[in-house]
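A.B. asks: model-v9.txt is the file, holding compact mmCIF, C-alpha atoms:
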```
# COMPACT_ATOMS: atom_id res chain seq x y z
CA TYR A 1 -170.34 159.44 -146.73
CA VAL A 2 -168.92 156.20 -145.33
CA THR A 3 -170.20 152.63 -145.24
CA VAL A 4 -169.01 150.23 -142.55
CA SER A 5 -169.12 146.48 -142.01
CA ARG A 6 -172.09 145.03 -140.14
CA ASP A 7 -170.05 142.51 -138.15
CA GLY A 8 -169.76 144.70 -135.06
CA LEU A 9 -166.24 145.84 -135.98
CA CYS A 10 -167.47 148.88 -137.95
CA VAL A 11 -164.62 148.60 -140.44
CA PRO A 12 -164.81 151.40 -143.03
CA LEU A 13 -165.47 149.69 -146.37
CA THR A 14 -166.17 152.66 -148.64
CA GLY A 15 -165.79 156.38 -148.23
CA ASN A 16 -166.40 159.40 -150.42
CA ILE A 17 -165.41 163.02 -149.91
CA PHE A 18 -166.79 165.72 -152.17
CA ALA A 19 -165.09 169.15 -152.23
CA ARG A 20 -166.35 172.37 -153.78
CA THR A 21 -163.30 174.63 -153.82
CA PRO A 22 -161.30 173.39 -155.54
CA ALA A 23 -163.74 170.91 -157.04
CA GLY A 24 -162.75 167.33 -156.40
CA VAL A 25 -163.77 163.88 -155.26
CA SER A 26 -161.83 161.43 -153.12
CA THR A 27 -162.96 157.81 -152.80
CA MET A 28 -161.77 154.79 -150.83
CA THR A 29 -162.78 151.14 -151.04
CA THR A 30 -161.64 148.26 -148.83
CA THR A 31 -161.89 144.77 -150.33
CA ASP A 32 -161.13 141.29 -149.02
CA PHE A 33 -160.96 142.53 -145.43
CA ALA A 34 -160.05 139.96 -142.78
CA PRO A 35 -160.25 141.01 -139.11
CA GLU A 36 -157.05 139.20 -138.18
CA ILE A 37 -153.43 139.85 -139.14
CA ASP A 38 -152.23 136.98 -141.32
CA ASP A 39 -148.63 138.17 -141.59
CA PRO A 40 -147.45 140.37 -138.69
CA SER A 41 -144.12 140.92 -140.46
CA VAL A 42 -145.81 143.60 -142.61
CA PHE A 43 -145.32 145.89 -139.58
CA ASP A 44 -141.55 145.26 -139.43
CA MET A 45 -139.49 148.30 -140.39
CA PRO A 46 -137.11 147.60 -143.31
CA ASP A 47 -133.41 147.78 -142.38
CA GLU A 48 -132.77 150.70 -144.76
CA CYS A 49 -135.42 152.75 -142.92
CA LYS A 50 -133.93 152.00 -139.49
CA LYS A 51 -130.75 153.81 -140.53
CA LEU A 52 -132.67 157.09 -140.95
CA ASN A 53 -133.13 157.63 -137.21
```
Kindly return the structure encoded in the file as structure tokens.
C.D. replies:
Amino acid sequence: YVTVSRDGLCVPLTGNIFARTPAGVSTMTTTDFAPEIDDPSVFDMPDECKKLN
């Protein structure tokens, strides 16, 4: 199941996946979410990764 924010953005805040075979559980939690990007440089590709093209 998944829970989403009630602010109209429907941001996934928690999610759980239950598997039978093989047995397992996967969970996800989002905390301190802000709907704007404070630091757009987080999307900049590091120089060492640019050389891999």
A.B. asks: To one decimal in Å, tell me the separation between CA of Thr29 in chain A and CA of Pro46 in chain A.
C.D. replies: 27.0 Å
A.B. asks: Range 25-30 of chain A, all listed atoms, 5 Å padding on each side: what axis-aligned box centre and edge lengths in Å to one decimal come out, as AutoDock Vina command-line options?
C.D. replies:
```
--center_x -162.7 --center_y 156.1 --center_z -152.0 --size_x 12.1 --size_y 25.6 --size_z 16.4
```
A.B. asks: Residues at most 8 Å from Asn16 in chain A, counting all atoms listed in the file, excluding those fewer than 4 positions away in the same chain, as a VMD selection string?
C.D. replies: chain A and resid 1 to 2 25 to 28
A.B. asks: I'd like the contact shell of Thr3 in chain A - 10 Å cut-off, all atoms listed in the file, skipping same-chain residues fewer than 4 positions apart - returned as a list in words.
C.D. replies: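 Contacts, in chain order: Cys10, Val11, Pro12, Leu13, Thr14, Gly15, Asn16 and Thr29 of chain A.
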A.B. asks: In Å, rounded to a single decimal, give me how far CA of Thr31 in chain A is from CA of Leu9 in chain A.
C.D. replies: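 Between these atoms lies a distance of 15.0 Å.
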A.B. asks: Would you work out the distance separating CA of Val42 in chain A from CA of Gly8 in chain A, expressed in Å to one decimal?
C.D. replies: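 Straight-line distance from CA of Val42 in chain A to CA of Gly8 in chain A works out to 25.1 Å.
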